[in-house]
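As structure tokens, the structure follows; a few thoughts come after it.
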Amino acid sequence: MEAQKSPLEPQAVMEAAAKLRTLILEVKKVIVGQDLMLERMLVALLARGHILIEGVPGLAKTLAIKTLAEAIGASFKRIQFTPDLVPADLVGTRIYNPKEASFEVELGPIFANLILADEINRAPAKIQSALLEAMQERQVTIGHQTYKLPDPFLVLATQNPIESEGTYFLPEAQVDRFMFKVWLDYPAFYEEMTVVERVSSKFEPVEVVLSGDELRALQAMADRVHVHPAVTEYAVRLTRATRDPGEVGLAQLKKYISYGGSPRASVNLILGAKALAIVRGREYALPEDVRDLAPEVLRHRVILSYEALADEVRLEEVVQKIIAATPLPKVHLGDPYRDARPSAENPSA
């Protein structure tokens with residue numbers, strides 16, 4: 001059971017949700033569609049997480065991140081990952097000053113609020129690993145000195161799923177640091193029509209609608225969102241089912257999974273659910289919040305076996321089957337702080 005905290009005021013949460021809707025509308029002056037990606041970006045901002053976005057070129061991944069940075073008045077840096085990068089190009093390095101006969105530290109582009117790691121799989125593991133300390137501890141070490149990164153700090157990395165030449169697999173430790181992996185698809189017909197119209201004319205200017213202080217206040221509010229023990233149990237059951245699908249009656253999937261999600265997946269499900277509750281105007285998280293985030297939290301943490309490859313089993317199918325087979329607990333909506341009681345239909349609640 002989590003420590004007792006003073007409950008959030010519903011009116012304050014509704015006002016916070018209204019601010020976030022205004023932020024989304026501001027971004028949508030430029031971005032057409034991609035609602036799921038934009039919502040996940042908001043959730044990651046509130047939960048202090050990072051996002052890995054995979055999609056073919058031309059789906060406005062870079063533009064969405066840049067527009068979001070403009071709308072929150074945050075500093076933004078784009079780092080194009082290439083095979084010839086070295087870690088110093090990312091985090092910075094020490095430079096000798098002959099005039100002063102001393103070394104000076106030149107900070108790298110990672111010192112910004114929003115970082116776009118573009119085509120992160122084009123750089124070898126040595127470069128990708130330079131992000132590990134930054135993403136986990138929100139600091140970097142140069143020489144003997146440790147430097148704190150700006151607050152807020154969010155890494156949004158992109159991958160191109162089409163090309164394989166000149167690319168490298170991301171280390172599992174790197175992938176696990178991302179809260180979400182979002183897959184982008186092509187826009188619908190009328191969305192693409194709107195994209196063409198907007199690009200052929202001048203974009204509306206994006207205004208700052210959320211300050212850094214306001215964003216930090218929203219993050220603190222997300223920290224205080226109430227999570228019922230039954231919701232936490234549901235998140236843990238989902239993650240454990242990726243390691244042993246037999247726990248949810250899917251023993252036939254066991255041979256297709258080499259590795260499932262670690263406890264970090266369970267943690268991110270709950271952190272994300274708390275942030276999503278604020279976005280949806282609630283001071284408490286629901287099992288549905290966990291379920292809605294589960295595909296983005298789990299898909300990059302489940303590793304399929306060679307047998308799955310031989311049987312042409314798709315990762316997304318495995319994840320969706322596990323989510324569908326894990327029963328939702330019943331949490332009383334009228335009083336989110338009341339204990340959930342097992343029911344005859346759902347004895348696992």
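We name chains A, B, ... following the order of the structure tokens; residues begin at 1 in each chain, and ligands are numbered from 1 as shown.
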Open item on the list: Taking 6 positions as the minimum chain separation for residues in the same chain, which residues sit within 12 Å of Asn268 of chain A when counting only C-alpha atoms? Answer as a ChimeraX atom specification.
Closed with: /A:43-44,47-51,176-181,232,235-236,238-239,261-262,274-276,289-290,293-298,301
- [ ] Would you list the contacts of Ile322 of chain A as a list in words, taking every protein, DNA or RNA residue within 8 Å and counting only C-alpha atoms, but skipping same-chain residues closer than 6 positions in sequence?
- [x]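 Counting only the stated atoms, we get Leu238, Ala241, Thr242, Pro245, Val248 and Leu250 of chain A.
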Take the residues from that selection and write them out as an mmCIF file, in the first residue's frame, keeping N, CA and C atoms.
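Resulting contents of part.cif:
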```
data_model
loop_
_atom_site.group_PDB
_atom_site.id
_atom_site.type_symbol
_atom_site.label_atom_id
_atom_site.label_comp_id
_atom_site.auth_asym_id
_atom_site.auth_seq_id
_atom_site.Cartn_x
_atom_site.Cartn_y
_atom_site.Cartn_z
ATOM 1 N N LEU A 238 0.079 -8.073 -15.561
ATOM 2 C CA LEU A 238 0.342 -7.896 -16.983
ATOM 3 C C LEU A 238 1.805 -8.161 -17.304
ATOM 4 N N ALA A 241 2.777 -11.781 -16.913
ATOM 5 C CA ALA A 241 2.222 -12.613 -17.986
ATOM 6 C C ALA A 241 3.102 -12.598 -19.230
ATOM 7 N N THR A 242 3.902 -11.534 -19.403
ATOM 8 C CA THR A 242 4.839 -11.533 -20.539
ATOM 9 C C THR A 242 6.008 -12.476 -20.292
ATOM 10 N N PRO A 245 3.180 -16.567 -19.762
ATOM 11 C CA PRO A 245 1.786 -16.386 -20.207
ATOM 12 C C PRO A 245 0.842 -17.438 -19.653
ATOM 13 N N VAL A 248 -1.992 -16.429 -17.206
ATOM 14 C CA VAL A 248 -3.285 -15.896 -17.658
ATOM 15 C C VAL A 248 -3.941 -16.861 -18.647
ATOM 16 N N LEU A 250 -2.517 -18.706 -21.089
ATOM 17 C CA LEU A 250 -1.962 -18.714 -22.447
ATOM 18 C C LEU A 250 -0.655 -19.507 -22.485
#
```
Task: Pick from A:Leu328, A:Ala101, A:Ala222, A:Ala130, whichever lies nearest to Ala12 of chain A using only C-alpha atoms - done: A:Ala222
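Secondary structure by DSSP on the backbone puts the following residues of segment 162-264 of chain A in strand (DSSP E or B): A:Phe180, A:Lys181, A:Val182, A:Trp183, A:His226, A:Ile257, A:Ser258, A:Tyr259.
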Print the selection's residues with N, CA and C atoms to a file, as an mmCIF file, in the first residue's frame.
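The result, stored in result.cif:
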```
data_model
loop_
_atom_site.group_PDB
_atom_site.id
_atom_site.type_symbol
_atom_site.label_atom_id
_atom_site.label_comp_id
_atom_site.auth_asym_id
_atom_site.auth_seq_id
_atom_site.Cartn_x
_atom_site.Cartn_y
_atom_site.Cartn_z
ATOM 1 N N PHE A 180 8.014 4.301 -23.271
ATOM 2 C CA PHE A 180 7.101 3.888 -24.326
ATOM 3 C C PHE A 180 7.856 3.607 -25.619
ATOM 4 N N LYS A 181 7.318 2.675 -26.385
ATOM 5 C CA LYS A 181 7.682 2.550 -27.792
ATOM 6 C C LYS A 181 6.399 2.720 -28.587
ATOM 7 N N VAL A 182 6.369 3.770 -29.402
ATOM 8 C CA VAL A 182 5.177 4.114 -30.167
ATOM 9 C C VAL A 182 5.419 3.790 -31.630
ATOM 10 N N TRP A 183 4.482 3.078 -32.232
ATOM 11 C CA TRP A 183 4.536 2.790 -33.660
ATOM 12 C C TRP A 183 3.619 3.755 -34.389
ATOM 13 N N HIS A 226 -3.718 9.086 -6.881
ATOM 14 C CA HIS A 226 -3.944 7.881 -6.084
ATOM 15 C C HIS A 226 -3.972 6.651 -6.971
ATOM 16 N N ILE A 257 8.118 -16.905 -26.415
ATOM 17 C CA ILE A 257 8.695 -15.778 -25.672
ATOM 18 C C ILE A 257 10.018 -16.199 -25.042
ATOM 19 N N SER A 258 11.088 -15.522 -25.430
ATOM 20 C CA SER A 258 12.390 -15.780 -24.806
ATOM 21 C C SER A 258 12.536 -15.001 -23.513
ATOM 22 N N TYR A 259 12.172 -13.716 -23.554
ATOM 23 C CA TYR A 259 12.264 -12.861 -22.367
ATOM 24 C C TYR A 259 11.035 -11.958 -22.328
#
```
Task: Nearby residues (only C-alpha atoms) at most 9 Å from Ala60 of chain A, same-chain spacing under 5 positions excluded, as JSON, numbers by chain - done: {"A": [31, 32, 34, 65]}
For the residues selected in the previous step, produce a file with N, CA and C atoms as an mmCIF file, in the first residue's frame.
```
data_model
loop_
_atom_site.group_PDB
_atom_site.id
_atom_site.type_symbol
_atom_site.label_atom_id
_atom_site.label_comp_id
_atom_site.auth_asym_id
_atom_site.auth_seq_id
_atom_site.Cartn_x
_atom_site.Cartn_y
_atom_site.Cartn_z
ATOM 1 N N ILE A 31 0.651 19.913 -36.312
ATOM 2 C CA ILE A 31 0.604 18.461 -36.498
ATOM 3 C C ILE A 31 -0.827 18.011 -36.790
ATOM 4 N N VAL A 32 -0.965 17.175 -37.793
ATOM 5 C CA VAL A 32 -2.273 16.624 -38.174
ATOM 6 C C VAL A 32 -2.330 15.165 -37.728
ATOM 7 N N GLN A 34 -2.055 11.805 -35.560
ATOM 8 C CA GLN A 34 -1.049 11.293 -34.611
ATOM 9 C C GLN A 34 -1.466 11.533 -33.168
ATOM 10 N N ILE A 65 7.892 16.762 -32.166
ATOM 11 C CA ILE A 65 8.724 16.999 -30.983
ATOM 12 C C ILE A 65 9.148 18.464 -30.912
#
```
Task: Å distance separating atom CA of Val86 of chain A from atom CA of Pro152 of chain A, one decimal place - done: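 Separating atom CA of Val86 of chain A from atom CA of Pro152 of chain A is a distance of 25.1 Å.
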Task: Residue among A:Asp118, A:Pro7, A:Ala134, A:Ile72 lying closest to Leu20 of chain A, counting only C-alpha atoms - done: A:Ile72
